[in-house]
Every structure is written in C-alpha cells, then in structure tokens.
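Okay, coords_27.cif is below, mmCIF, C-alpha atoms and all ligand atoms:
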data_query
#
loop_
_atom_site.label_atom_id
_atom_site.label_comp_id
_atom_site.auth_asym_id
_atom_site.auth_seq_id
_atom_site.Cartn_x
_atom_site.Cartn_y
_atom_site.Cartn_z
CA MET A 8 68.54 86.35 89.60
CA ARG A 9 68.18 88.95 92.37
CA ILE A 10 71.54 88.22 94.00
CA ALA A 11 73.40 87.96 90.68
CA GLU A 12 75.89 90.70 91.52
CA ARG A 13 77.01 88.96 94.69
CA VAL A 14 79.17 86.70 92.54
CA THR A 15 82.94 87.17 92.96
CA PHE A 16 83.99 90.04 90.63
CA GLY A 17 80.28 90.90 90.59
CA GLY A 18 81.03 94.59 90.57
CA SER A 19 81.41 97.09 93.38
CA GLY A 20 80.04 100.17 91.66
CA LEU A 21 83.53 101.53 91.01
CA ASN A 22 83.51 105.04 89.52
CA ARG A 23 85.64 104.51 86.42
CA ALA A 24 85.72 108.29 85.83
CA ALA A 25 85.99 107.81 82.07
CA GLU A 26 85.95 111.58 81.55
CA LEU A 27 89.52 111.75 82.94
CA ARG A 28 90.85 109.29 80.36
CA ARG A 29 91.08 111.92 77.63
CA ASP A 30 92.74 114.53 79.88
CA PRO A 31 96.48 113.75 80.24
CA GLN A 32 97.05 116.63 82.68
CA ALA A 33 94.25 115.53 84.99
CA LEU A 34 95.54 111.95 84.79
CA ALA A 35 99.06 113.06 85.76
CA ALA A 36 97.68 114.98 88.74
CA ALA A 37 95.54 111.98 89.72
CA LEU A 38 98.59 109.71 89.56
CA ASP A 39 100.48 112.01 91.96
CA ARG A 40 97.89 111.56 94.67
CA GLY A 41 96.66 108.07 93.78
CA GLY A 42 97.70 104.45 94.22
CA VAL A 43 99.15 102.04 91.67
CA LEU A 44 98.57 98.28 91.58
CA PRO A 45 101.64 96.58 90.09
CA VAL A 46 100.80 93.48 88.03
CA TRP A 47 103.56 91.01 87.22
CA ARG A 48 102.89 88.56 84.36
CA GLY A 49 99.19 88.50 85.15
CA LYS A 50 99.60 88.33 88.93
CA PRO A 51 98.49 91.39 90.92
CA LEU A 52 100.40 92.54 93.97
CA ILE A 53 98.56 91.32 97.08
CA ALA A 54 99.05 92.38 100.70
CA GLY A 55 97.26 90.00 103.06
CA ASN A 56 93.65 89.96 101.88
CA ALA A 57 93.84 93.26 99.98
CA ALA A 58 95.24 94.63 96.73
CA GLY A 59 98.81 95.90 97.18
CA TRP A 60 98.72 99.60 96.30
CA VAL A 61 101.96 101.58 96.05
CA PRO A 62 102.47 105.31 95.36
CA ALA A 63 103.67 106.50 91.95
CA GLY A 64 107.47 106.59 91.93
CA HIS A 65 107.82 103.54 94.21
CA PRO A 66 110.92 101.45 93.32
CA VAL A 67 108.72 98.43 92.47
CA LEU A 68 107.50 100.49 89.49
CA ALA A 69 111.04 100.87 88.08
CA HIS A 70 110.17 98.26 85.42
CA ALA A 71 106.67 99.62 84.80
CA GLY A 72 105.45 99.40 81.21
CA THR A 73 101.88 100.23 80.34
CA MET A 74 99.90 102.18 82.95
CA VAL A 75 96.09 102.04 83.06
CA PHE A 76 93.72 104.39 84.89
CA LEU A 77 91.18 102.20 86.71
CA GLY A 78 88.97 104.83 88.32
CA ILE A 79 88.32 106.73 91.54
CA ASP A 80 87.92 104.59 94.67
CA ASP A 81 86.49 106.57 97.59
CA GLY A 82 88.22 109.72 96.34
CA VAL A 83 91.54 107.95 95.65
CA PRO A 84 92.58 107.61 91.99
CA ARG A 85 93.58 104.03 91.18
CA PHE A 86 95.99 102.91 88.48
CA ALA A 87 97.53 99.61 87.40
CA ALA A 88 101.02 99.14 85.99
CA ASP A 89 102.51 96.19 84.13
CA ILE A 90 105.89 95.30 85.64
CA SER A 91 106.30 92.01 83.77
CA ASP A 92 109.84 92.97 82.69
CA TRP A 93 111.01 92.56 86.28
CA SER A 94 112.74 89.20 86.92
CA PRO A 95 112.42 87.63 90.37
CA GLU A 96 115.50 86.00 91.82
CA ALA A 97 116.33 82.50 90.59
CA GLY A 98 114.00 79.84 91.95
CA ALA A 99 111.13 82.26 92.50
CA GLU A 100 109.75 82.18 88.96
CA ALA A 101 106.08 81.57 88.36
CA VAL A 102 104.98 78.01 87.71
CA GLU A 103 104.27 78.15 83.99
CA ALA A 104 102.54 74.83 83.50
CA GLY A 105 99.45 73.44 85.15
CA PHE A 106 95.98 74.54 86.06
CA PHE A 107 96.84 76.84 88.94
CA ASP A 108 100.09 78.55 89.94
CA PRO A 109 100.39 78.54 93.75
CA SER A 110 103.78 80.34 93.80
CA VAL A 111 104.10 83.85 95.24
CA GLN A 112 106.87 86.22 94.12
CA ARG A 113 108.36 88.68 96.62
CA HIS A 114 109.91 91.90 95.39
CA PRO A 115 113.07 93.19 97.14
CA ALA A 116 111.66 96.74 97.28
CA LEU A 117 108.60 95.59 99.26
CA ASP A 118 108.30 94.12 102.72
CA GLU A 119 107.37 90.48 103.40
CA GLY A 120 103.64 91.16 103.56
CA PHE A 121 103.51 91.86 99.81
CA GLY A 122 103.64 89.28 97.04
CA PHE A 123 102.53 88.66 93.46
CA ALA A 124 99.88 85.96 93.60
CA GLU A 125 97.48 84.33 91.18
CA LEU A 126 94.16 86.13 91.44
CA ARG A 127 92.23 82.83 91.46
CA GLY A 128 93.91 81.95 94.76
CA VAL A 129 92.91 85.15 96.59
CA MET A 130 89.77 86.31 94.77
CA THR A 131 87.32 85.26 97.49
CA GLU A 132 89.34 87.02 100.22
CA LEU A 133 89.45 90.45 98.56
CA SER A 134 86.81 93.10 99.17
CA ALA A 135 84.36 93.55 96.28
CA ARG A 136 86.12 96.81 95.38
CA ASP A 137 89.63 95.33 95.36
CA ALA A 138 88.33 92.31 93.43
CA GLU A 139 86.85 94.59 90.75
CA LEU A 140 90.02 96.69 90.58
CA ALA A 141 92.36 93.68 90.43
CA ALA A 142 90.25 91.89 87.82
CA THR A 143 90.07 95.03 85.69
CA ALA A 144 93.82 95.62 86.01
CA LYS A 145 94.66 92.04 85.06
CA ALA A 146 92.30 91.99 82.07
CA VAL A 147 93.30 95.35 80.57
CA LEU A 148 97.04 94.83 81.06
CA HIS A 149 96.79 91.37 79.48
CA TRP A 150 95.11 92.99 76.48
CA HIS A 151 97.98 95.48 76.10
CA ARG A 152 100.58 92.69 76.31
CA SER A 153 98.83 90.57 73.71
CA HIS A 154 97.77 93.39 71.34
CA ALA A 155 100.92 95.48 70.95
CA PHE A 156 100.58 95.55 67.17
CA CYS A 157 97.81 96.96 65.01
CA ALA A 158 95.40 94.25 63.82
CA THR A 159 94.77 96.27 60.63
CA CYS A 160 98.29 97.05 59.36
CA GLY A 161 100.74 95.29 61.70
CA ALA A 162 102.56 98.42 62.93
CA ARG A 163 103.22 98.86 66.66
CA SER A 164 100.31 100.66 68.32
CA GLU A 165 100.47 102.88 71.41
CA PRO A 166 98.25 103.08 74.53
CA ALA A 167 95.85 106.04 74.64
CA GLN A 168 92.86 107.21 76.72
CA GLY A 169 94.37 106.27 80.08
CA GLY A 170 95.06 102.76 78.80
CA TRP A 171 91.53 102.07 77.50
CA GLN A 172 92.49 102.28 73.84
CA ARG A 173 95.43 101.63 71.53
CA ASP A 174 96.03 103.91 68.56
CA CYS A 175 97.98 103.09 65.42
CA ALA A 176 99.99 106.05 64.10
CA ALA A 177 100.68 104.23 60.81
CA CYS A 178 97.08 103.72 59.65
CA GLY A 179 95.00 105.69 62.14
CA ALA A 180 93.09 102.68 63.49
CA HIS A 181 91.80 102.68 67.08
CA HIS A 182 91.65 99.43 69.05
CA PHE A 183 89.67 98.72 72.23
CA PRO A 184 90.10 96.16 75.02
CA ARG A 185 88.62 92.77 74.19
CA THR A 186 86.18 90.81 76.31
CA ASP A 187 85.28 87.35 75.08
CA PRO A 188 81.73 86.18 75.93
CA VAL A 189 81.40 82.68 77.33
CA VAL A 190 78.18 80.89 78.26
CA ILE A 191 78.17 78.62 81.31
CA MET A 192 74.99 76.71 81.99
CA LEU A 193 73.07 74.97 84.68
CA VAL A 194 71.42 72.23 82.63
CA THR A 195 68.80 70.43 84.65
CA ARG A 196 66.48 67.49 84.11
CA GLY A 197 64.06 66.99 86.95
CA ASN A 198 66.08 66.83 90.14
CA SER A 199 69.47 66.45 88.45
CA VAL A 200 72.13 68.74 87.01
CA LEU A 201 74.53 68.03 84.16
CA LEU A 202 78.24 68.22 85.09
CA GLY A 203 81.29 67.59 82.96
CA ARG A 204 85.05 67.66 83.20
CA SER A 205 87.87 68.62 80.85
CA PRO A 206 90.86 66.29 80.59
CA ALA A 207 93.23 69.08 81.79
CA TRP A 208 91.41 69.69 85.07
CA PRO A 209 92.60 68.48 88.48
CA GLU A 210 91.53 64.90 89.20
CA GLY A 211 87.90 64.58 90.20
CA MET A 212 86.93 68.17 89.41
CA TYR A 213 83.59 68.57 87.65
CA SER A 214 81.75 71.74 86.72
CA LEU A 215 78.96 73.18 84.61
CA LEU A 216 79.43 72.97 80.85
CA ALA A 217 80.69 76.17 79.22
CA GLY A 218 81.86 77.49 75.88
CA PHE A 219 82.68 80.59 73.86
CA VAL A 220 79.88 82.44 72.10
CA GLU A 221 80.45 82.52 68.35
CA PRO A 222 79.90 85.50 66.02
CA GLY A 223 76.30 85.68 64.86
CA GLU A 224 74.96 83.74 67.84
CA THR A 225 72.61 84.74 70.65
CA LEU A 226 73.51 83.66 74.18
CA GLU A 227 70.59 81.21 74.09
CA ALA A 228 71.78 79.68 70.82
CA ALA A 229 75.31 79.35 72.22
CA VAL A 230 73.97 77.52 75.30
CA ARG A 231 72.01 75.05 73.15
CA ARG A 232 74.87 74.51 70.68
CA GLU A 233 77.53 73.95 73.35
CA VAL A 234 75.45 71.49 75.38
CA PHE A 235 74.58 69.54 72.24
CA GLU A 236 78.18 69.55 70.95
CA GLU A 237 79.76 68.55 74.24
CA ALA A 238 77.18 66.16 75.70
CA GLY A 239 74.71 65.35 72.90
CA ILE A 240 71.82 66.80 74.87
CA ARG A 241 69.18 69.11 73.41
CA CYS A 242 67.99 72.01 75.55
CA GLY A 243 64.56 73.63 75.62
CA GLU A 244 63.97 76.89 77.44
CA VAL A 245 67.09 78.91 78.29
CA GLY A 246 67.14 81.74 80.84
CA TYR A 247 69.73 84.21 82.08
CA LEU A 248 71.02 84.00 85.67
CA ALA A 249 74.13 86.12 86.32
CA SER A 250 77.35 87.34 84.72
CA GLN A 251 80.94 87.42 85.91
CA PRO A 252 84.01 89.15 84.51
CA TRP A 253 86.62 86.38 84.41
CA PRO A 254 90.07 87.78 83.60
CA PHE A 255 91.74 84.41 82.87
CA PRO A 256 92.57 85.96 80.55
CA ALA A 257 89.68 87.93 79.03
CA SER A 258 86.28 86.33 79.46
CA LEU A 259 82.86 87.56 80.45
CA MET A 260 80.89 84.59 81.75
CA PHE A 261 77.12 84.52 81.11
CA GLY A 262 75.51 82.17 83.60
CA ALA A 263 72.35 80.58 82.19
CA ARG A 264 69.92 77.85 83.09
CA ALA A 265 68.51 75.42 80.57
CA GLU A 266 66.06 72.55 80.61
CA ALA A 267 67.33 69.35 79.05
CA LEU A 268 65.05 67.58 76.60
CA ASP A 269 67.13 64.39 76.58
CA GLU A 270 68.69 62.20 79.22
CA ALA A 271 71.21 60.04 77.35
CA ILE A 272 74.65 61.67 77.29
CA THR A 273 77.00 61.37 74.31
CA VAL A 274 80.31 63.02 75.19
CA ASP A 275 82.51 64.63 72.55
CA PRO A 276 85.93 63.37 73.67
CA GLN A 277 87.62 66.39 72.04
CA GLU A 278 85.81 68.66 74.50
CA LEU A 279 85.04 66.59 77.59
CA GLU A 280 86.55 63.63 79.35
CA HIS A 281 83.31 62.73 81.09
CA ALA A 282 79.84 64.10 81.79
CA LEU A 283 77.11 62.85 84.08
CA TRP A 284 73.83 63.68 85.78
CA VAL A 285 74.17 64.47 89.48
CA THR A 286 71.13 64.57 91.75
CA ARG A 287 70.49 67.47 94.08
CA GLU A 288 71.19 65.24 97.10
CA GLU A 289 74.53 64.10 95.66
CA MET A 290 75.39 67.69 94.79
CA VAL A 291 75.02 68.70 98.44
CA ALA A 292 77.73 66.15 99.26
CA VAL A 293 79.91 67.38 96.36
CA MET A 294 79.73 71.01 97.53
CA ALA A 295 80.51 69.94 101.10
CA GLY A 296 83.61 68.10 99.83
CA LEU A 297 82.14 64.79 101.00
CA HIS A 298 81.53 63.08 97.66
CA PRO A 299 83.83 60.06 97.08
CA VAL A 300 84.55 60.91 93.41
CA ILE A 301 83.39 64.38 92.36
CA LYS A 302 85.15 67.55 93.52
CA PRO A 303 83.34 70.88 93.04
CA ALA A 304 84.31 73.91 90.95
CA ARG A 305 86.51 76.43 92.77
CA ARG A 306 84.78 78.78 95.18
CA GLY A 307 84.63 82.23 93.56
CA ALA A 308 83.93 80.83 90.10
CA ILE A 309 80.43 81.48 88.76
CA ALA A 310 79.84 77.71 88.41
CA HIS A 311 80.23 77.33 92.16
CA PHE A 312 77.98 80.36 92.75
CA ILE A 313 75.20 79.03 90.50
CA LEU A 314 75.33 75.50 91.90
CA GLU A 315 75.33 76.76 95.48
CA ASN A 316 72.28 78.93 94.80
CA TRP A 317 70.51 76.19 92.84
CA LEU A 318 70.82 73.96 95.92
CA ALA A 319 69.58 76.80 98.16
CA ASP A 320 66.66 77.61 95.79
CA ARG A 321 67.88 81.18 95.20
CA LEU A 322 67.94 81.34 91.40
CA ASP A 323 64.88 83.62 91.19
ZN ZN A 401 97.57 100.27 61.82
#
Structure rendered as structure tokens:
Amino acid sequence: MRIAERVTFGGSGLNRAAELRRDPQALAAALDRGGVLPVWRGKPLIAGNAAGWVPAGHPVLAHAGTMVFLGIDDGVPRFAADISDWSPEAGAEAVEAGFFDPSVQRHPALDEGFGFAELRGVMTELSARDAELAATAKAVLHWHRSHAFCATCGARSEPAQGGWQRDCAACGAHHFPRTDPVVIMLVTRGNSVLLGRSPAWPEGMYSLLAGFVEPGETLEAAVRREVFEEAGIRCGEVGYLASQPWPFPASLMFGARAEALDEAITVDPQELEHALWVTREEMVAVMAGLHPVIKPARRGAIAHFILENWLADRLD
C-alpha cells in the first residue's frame, strides 16, 4: 500500500540516534539541552495539539522514575520520563475502568494549557513527529513498569542503554522492550467487508477482526486462523497492507487484506458478540456516522485507515 505510512503513528523518520544510548556522558549532555516528555500512568503530557515538553530539572519531574532517550528531533534531544508516582489532587484521578479515559490531569507546576491525556484522544491532532515520540515514550515506559524484574531469575533488573534495555546484575541477563504483533484484517467477499464487535466495546461500535500472532506462525497463517476462530470463515489469498505501532499497551498492528472463501458466519461468543457482512454502500454511511446501528472504529486506528482507503480504492 503506497500510502501505508500515512497511518497515525505511521512514523516520522525520527532519528533515534542509537549510538548515543551506550554513552552516558553524551546522554547527560543531551539531557541538559533537550526536552523531556513526562508520562503519567500511560498518559503523556499534552499542550494543546502538541506533546508537552519540559526542560530537565523542571518541578514536574520531581517524581520522575525511569528516563528513556527517544532520539534527536530537529537537533533537539528528546527524552521521556515516567512520573507515575505523582498523585493528582483528590477527584482528579484517572478513570480506571472502561474503554476510554476522557479525564485530563493538571499538574500544579504547569500552567492550565498542559494536561495528562489519553493518547487515543489526541493522537490524530498531534504532528507525525510528536505522535511517534509520544507513542514510543508510552510503549517503552510501559515496558519498564511491567518488566521491573528479571524474567530469568526474578531479581530486580535495572534500565540500561538510555532506557532501551534492562540488565540483571544477579544473573547477567539482558532484556529488551517487547512489541506484540497483532494482525488486523480487511476480509472481503465481493462487495462486502466482514466486521465484528467485542462485548466490551462501546454500543454499536464495529471494526475489522484482529488477533495476536502466535509463536511459530506467519502473519498470513495468523490472519486465516483468527478469522476462522472468530467468525468461522475460511480465507484464501492474504496480502499485507500497512502497519501501525499501537502502544495500548505494546502492540504492532499488521494490517492485511484477505479474500473470504465462505459467506456463512459462525461467531465464537468467547471472542465476538456479533459479526456481519457490510456492503461498500452501507460502509460509506457507517464512516459518515449516518448508519442507524453501526458506529465506525475510532479515527486514528488502523482499522479506520484501512476501511477509509478501501472505500476510496487506495489499497494499492
Ligand atoms: Zn536475572
């Protein structure tokens, strides 16, 4: 797909300057002249429609834990810091339950224009560069929070290499940030596309089927297995469309297209609440928000991107 990288989080060509990661002195000097993106419990600091950069030493970083070097952005070194130990004032906590947390937390050391916000809510407003930086920050810091102990021996491990590695002093093991591959597929039959919905989703929301790739599986095999497991439909030819880093919390989405060999749907109720074939004409109404029942996937998600470009005939 020629326009694959136009997807949200599609990459901005950030110079990650990996050679600096192994040079603590150079990293310290870079931090002095760079900017830091504070991330609070998975929510990056946002200022309007941009990432909220602060200088090293800013009071908002008083609770900073792990620091990660993200790269060099137009000559400016960029870092991310986990400030999850900070507690907002009572009543301003994040909404823990539910599909999407619309709350924004303000920090007393920052003016009103800054707030910690869920990345899903602002991802389409950020520049491609800020989107890449914020997604990277969120994903790597989540990995540090969830992998504090060595998977080999259980001892506490320590960040290394500018935050791109964790080392275990007890057994010598090195650990690297995880990215979990997920396939998400445009399954078509003639003029129709297969959509499904999970029970936990907001009412009326339908999207492309998706699932984690298993060890020992190709992407193509994962597409065929997931579609058969979830909807009872066999797929023929499978082709690659586009990919999207999806830091909720640690996925890499592989967008694929597949031709269905069957029409009759048999839903696995453990995985899906409902699945159905939607014609191209109906899909136009869905994407325009005019369909009486079906609501589309969120703008910014690769499902929305693929469906929009399928309708516009831009999958080549
Ligand atoms: Zn160990």
Write out as a list in words each polymer residue (protein, DNA or RNA) that has an atom no more than 8 Å from ligand ZN 401 (chain A), with only C-alpha atoms and all ligand atoms counted.
Phe156, Cys157, Ala158, Thr159, Cys160, Gly161, Ala162, Arg163, Ser164, Asp174, Cys175, Ala176, Ala177, Cys178, Gly179 and Ala180 of chain A
Counting all atoms listed in the file, find residues at most 12 Å from (98.2, 113.9, 91.3) (file frame) and give them as a count of residues only.
21
Best match for closeness to A:Gly169 among A:Asp30, A:Glu12, A:Glu139, A:Asp320, counting all atoms listed in the file:
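For A:Gly169, the nearest of the candidates is A:Asp30.
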Counting all atoms listed in the file, what is within 8 Å of stretch 243-247 of chain A, bar same-chain residues fewer than 5 positions away, as a VMD selection string?
chain A and resid 8 227 230 to 231 261 to 268
From A:Pro188, A:His154, A:Ala25, A:Ala282, residue lying nearest A:Glu221 [all atoms listed in the file]
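With all atoms listed in the file as the atom set, the closest residue is A:Pro188.
The space separating atom CA of A:Ile240 from atom CA of A:Pro252 comes to 27.2 Å.
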Taking only C-alpha atoms into account, name the residue in A:Ala249, A:Ala101, A:Ala54, A:Ile10 that is nearest to A:Asp137.
A:Ala54
For A:His281, work out the shell of residues within 9 Å, counting all atoms listed in the file and skipping chain neighbours fewer than 4 positions away, then give it as a PyMOL selection string.
chain A and resi 202-206+213+238+274-276
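As for atom CA of A:Met192 and atom CA of A:Lys50, they are spaced 28.1 Å apart.
Distance check against A:Ala11 using all atoms listed in the file: of A:Gln172, A:Gln251, A:Ser134, A:Asn198, the minimum falls on A:Gln251.
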Return the single residue from A:Ala87, A:Ala310, A:Leu52, A:Ile79 that is closest to A:Gln112, with distances computed using all atoms listed in the file.
A:Leu52
For a quick check of your reading of the model, name the residues lying within 6 Å of the coordinate (99.0, 81.1, 92.9), counting all atoms listed in the file, and write them as a PDB file with C-alpha atoms, in the frame of the given file.
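Written output follows (result00.pdb):
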ATOM      1  CA  ASP A 108     100.090  78.550  89.940  1.00  0.00           C
ATOM      2  CA  PRO A 109     100.390  78.540  93.750  1.00  0.00           C
ATOM      3  CA  SER A 110     103.780  80.340  93.800  1.00  0.00           C
ATOM      4  CA  ALA A 124      99.880  85.960  93.600  1.00  0.00           C
ATOM      5  CA  GLU A 125      97.480  84.330  91.180  1.00  0.00           C
ATOM      6  CA  GLY A 128      93.910  81.950  94.760  1.00  0.00           C
TER       7      GLY A 128
END
Would you please work out which residue, of A:Leu117, A:Ile90, A:Leu44, A:Ile53, is nearest to A:Thr143 when using only C-alpha atoms?
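Using only C-alpha atoms, the shortest distance to A:Thr143 belongs to A:Leu44.
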Please provide as number ranges by chain all residues within 8 Å of A:Val285, with the sequence filter that same-chain residues fewer than 5 positions apart are discarded (counting only C-alpha atoms).
A: 199-202, 290
Figure out the distance between atom CA of A:Glu288 and atom CA of A:Ile301, please, to one decimal in Å.
13.1 Å
Surrounding residues of stretch 129-132 of chain A excluding itself and chain neighbours under 5 positions, 7 Å, all atoms listed in the file, as an mmCIF file with C-alpha atoms, in the frame of the given file:
data_model
loop_
_atom_site.group_PDB
_atom_site.id
_atom_site.type_symbol
_atom_site.label_atom_id
_atom_site.label_comp_id
_atom_site.auth_asym_id
_atom_site.auth_seq_id
_atom_site.Cartn_x
_atom_site.Cartn_y
_atom_site.Cartn_z
ATOM 1 C CA THR A 15 82.940 87.170 92.960
ATOM 2 C CA ASN A 56 93.650 89.960 101.880
ATOM 3 C CA ALA A 138 88.330 92.310 93.430
ATOM 4 C CA GLY A 307 84.630 82.230 93.560
#
My structure is short of atoms at stretch 154-165 of chain A; please model all heavy atoms there, returning them as a PDB file, in the frame of the given file.
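Dumped everything to out09.pdb:
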ATOM      1  N   HIS A 154      98.231  92.631  72.517  1.00  0.00           N
ATOM      2  CA  HIS A 154      97.770  93.390  71.340  1.00  0.00           C
ATOM      3  C   HIS A 154      98.671  94.595  71.094  1.00  0.00           C
ATOM      4  O   HIS A 154      98.182  95.713  70.900  1.00  0.00           O
ATOM      5  CB  HIS A 154      96.315  93.829  71.516  1.00  0.00           C
ATOM      6  CG  HIS A 154      95.356  92.688  71.456  1.00  0.00           C
ATOM      7  ND1 HIS A 154      95.205  91.787  72.489  1.00  0.00           N
ATOM      8  CD2 HIS A 154      94.518  92.261  70.482  1.00  0.00           C
ATOM      9  CE1 HIS A 154      94.307  90.875  72.142  1.00  0.00           C
ATOM     10  NE2 HIS A 154      93.872  91.135  70.939  1.00  0.00           N
ATOM     11  N   ALA A 155      99.975  94.364  71.107  1.00  0.00           N
ATOM     12  CA  ALA A 155     100.920  95.480  70.950  1.00  0.00           C
ATOM     13  C   ALA A 155     100.970  95.987  69.512  1.00  0.00           C
ATOM     14  O   ALA A 155     101.437  97.095  69.263  1.00  0.00           O
ATOM     15  CB  ALA A 155     102.315  95.028  71.392  1.00  0.00           C
ATOM     16  N   PHE A 156     100.480  95.176  68.577  1.00  0.00           N
ATOM     17  CA  PHE A 156     100.580  95.550  67.170  1.00  0.00           C
ATOM     18  C   PHE A 156      99.186  95.700  66.560  1.00  0.00           C
ATOM     19  O   PHE A 156      98.252  94.996  66.924  1.00  0.00           O
ATOM     20  CB  PHE A 156     101.387  94.502  66.398  1.00  0.00           C
ATOM     21  CG  PHE A 156     102.822  94.439  66.858  1.00  0.00           C
ATOM     22  CD1 PHE A 156     103.192  93.583  67.890  1.00  0.00           C
ATOM     23  CD2 PHE A 156     103.788  95.266  66.296  1.00  0.00           C
ATOM     24  CE1 PHE A 156     104.507  93.541  68.349  1.00  0.00           C
ATOM     25  CE2 PHE A 156     105.105  95.232  66.746  1.00  0.00           C
ATOM     26  CZ  PHE A 156     105.472  94.381  67.772  1.00  0.00           C
ATOM     27  N   CYS A 157      99.094  96.642  65.639  1.00  0.00           N
ATOM     28  CA  CYS A 157      97.810  96.960  65.010  1.00  0.00           C
ATOM     29  C   CYS A 157      97.276  95.751  64.238  1.00  0.00           C
ATOM     30  O   CYS A 157      97.989  95.162  63.418  1.00  0.00           O
ATOM     31  CB  CYS A 157      98.008  98.143  64.059  1.00  0.00           C
ATOM     32  SG  CYS A 157      96.518  98.560  63.135  1.00  0.00           S
ATOM     33  N   ALA A 158      96.020  95.398  64.499  1.00  0.00           N
ATOM     34  CA  ALA A 158      95.400  94.250  63.820  1.00  0.00           C
ATOM     35  C   ALA A 158      95.063  94.579  62.374  1.00  0.00           C
ATOM     36  O   ALA A 158      94.768  93.689  61.584  1.00  0.00           O
ATOM     37  CB  ALA A 158      94.146  93.825  64.574  1.00  0.00           C
ATOM     38  N   THR A 159      95.089  95.865  62.008  1.00  0.00           N
ATOM     39  CA  THR A 159      94.770  96.270  60.630  1.00  0.00           C
ATOM     40  C   THR A 159      96.009  96.262  59.744  1.00  0.00           C
ATOM     41  O   THR A 159      95.997  95.707  58.655  1.00  0.00           O
ATOM     42  CB  THR A 159      94.131  97.666  60.636  1.00  0.00           C
ATOM     43  OG1 THR A 159      93.017  97.656  61.524  1.00  0.00           O
ATOM     44  CG2 THR A 159      93.668  98.056  59.238  1.00  0.00           C
ATOM     45  N   CYS A 160      97.119  96.893  60.237  1.00  0.00           N
ATOM     46  CA  CYS A 160      98.290  97.050  59.360  1.00  0.00           C
ATOM     47  C   CYS A 160      99.559  96.421  59.916  1.00  0.00           C
ATOM     48  O   CYS A 160     100.570  96.356  59.214  1.00  0.00           O
ATOM     49  CB  CYS A 160      98.526  98.534  59.058  1.00  0.00           C
ATOM     50  SG  CYS A 160      99.332  99.428  60.410  1.00  0.00           S
ATOM     51  N   GLY A 161      99.567  95.979  61.156  1.00  0.00           N
ATOM     52  CA  GLY A 161     100.740  95.290  61.700  1.00  0.00           C
ATOM     53  C   GLY A 161     101.771  96.188  62.353  1.00  0.00           C
ATOM     54  O   GLY A 161     102.746  95.693  62.909  1.00  0.00           O
ATOM     55  N   ALA A 162     101.590  97.515  62.283  1.00  0.00           N
ATOM     56  CA  ALA A 162     102.560  98.420  62.930  1.00  0.00           C
ATOM     57  C   ALA A 162     102.350  98.395  64.443  1.00  0.00           C
ATOM     58  O   ALA A 162     101.286  98.010  64.933  1.00  0.00           O
ATOM     59  CB  ALA A 162     102.356  99.845  62.405  1.00  0.00           C
ATOM     60  N   ARG A 163     103.378  98.801  65.208  1.00  0.00           N
ATOM     61  CA  ARG A 163     103.220  98.860  66.660  1.00  0.00           C
ATOM     62  C   ARG A 163     102.222  99.949  67.012  1.00  0.00           C
ATOM     63  O   ARG A 163     102.293 101.053  66.491  1.00  0.00           O
ATOM     64  CB  ARG A 163     104.572  99.122  67.330  1.00  0.00           C
ATOM     65  CG  ARG A 163     104.479  99.230  68.840  1.00  0.00           C
ATOM     66  CD  ARG A 163     105.859  99.238  69.472  1.00  0.00           C
ATOM     67  NE  ARG A 163     106.390  97.897  69.677  1.00  0.00           N
ATOM     68  CZ  ARG A 163     106.044  97.094  70.699  1.00  0.00           C
ATOM     69  NH1 ARG A 163     105.152  97.481  71.590  1.00  0.00           N
ATOM     70  NH2 ARG A 163     106.573  95.894  70.831  1.00  0.00           N
ATOM     71  N   SER A 164     101.281  99.651  67.889  1.00  0.00           N
ATOM     72  CA  SER A 164     100.310 100.660  68.320  1.00  0.00           C
ATOM     73  C   SER A 164     100.715 101.155  69.706  1.00  0.00           C
ATOM     74  O   SER A 164     101.556 100.561  70.368  1.00  0.00           O
ATOM     75  CB  SER A 164      98.895 100.055  68.346  1.00  0.00           C
ATOM     76  OG  SER A 164      98.866  98.929  69.207  1.00  0.00           O
ATOM     77  N   GLU A 165     100.097 102.256  70.133  1.00  0.00           N
ATOM     78  CA  GLU A 165     100.470 102.880  71.410  1.00  0.00           C
ATOM     79  C   GLU A 165      99.235 103.044  72.295  1.00  0.00           C
ATOM     80  O   GLU A 165      98.148 103.361  71.800  1.00  0.00           O
ATOM     81  CB  GLU A 165     101.079 104.268  71.151  1.00  0.00           C
ATOM     82  CG  GLU A 165     102.432 104.240  70.460  1.00  0.00           C
ATOM     83  CD  GLU A 165     103.504 103.528  71.274  1.00  0.00           C
ATOM     84  OE1 GLU A 165     103.437 103.578  72.528  1.00  0.00           O
ATOM     85  OE2 GLU A 165     104.402 102.909  70.666  1.00  0.00           O
TER      86      GLU A 165
END
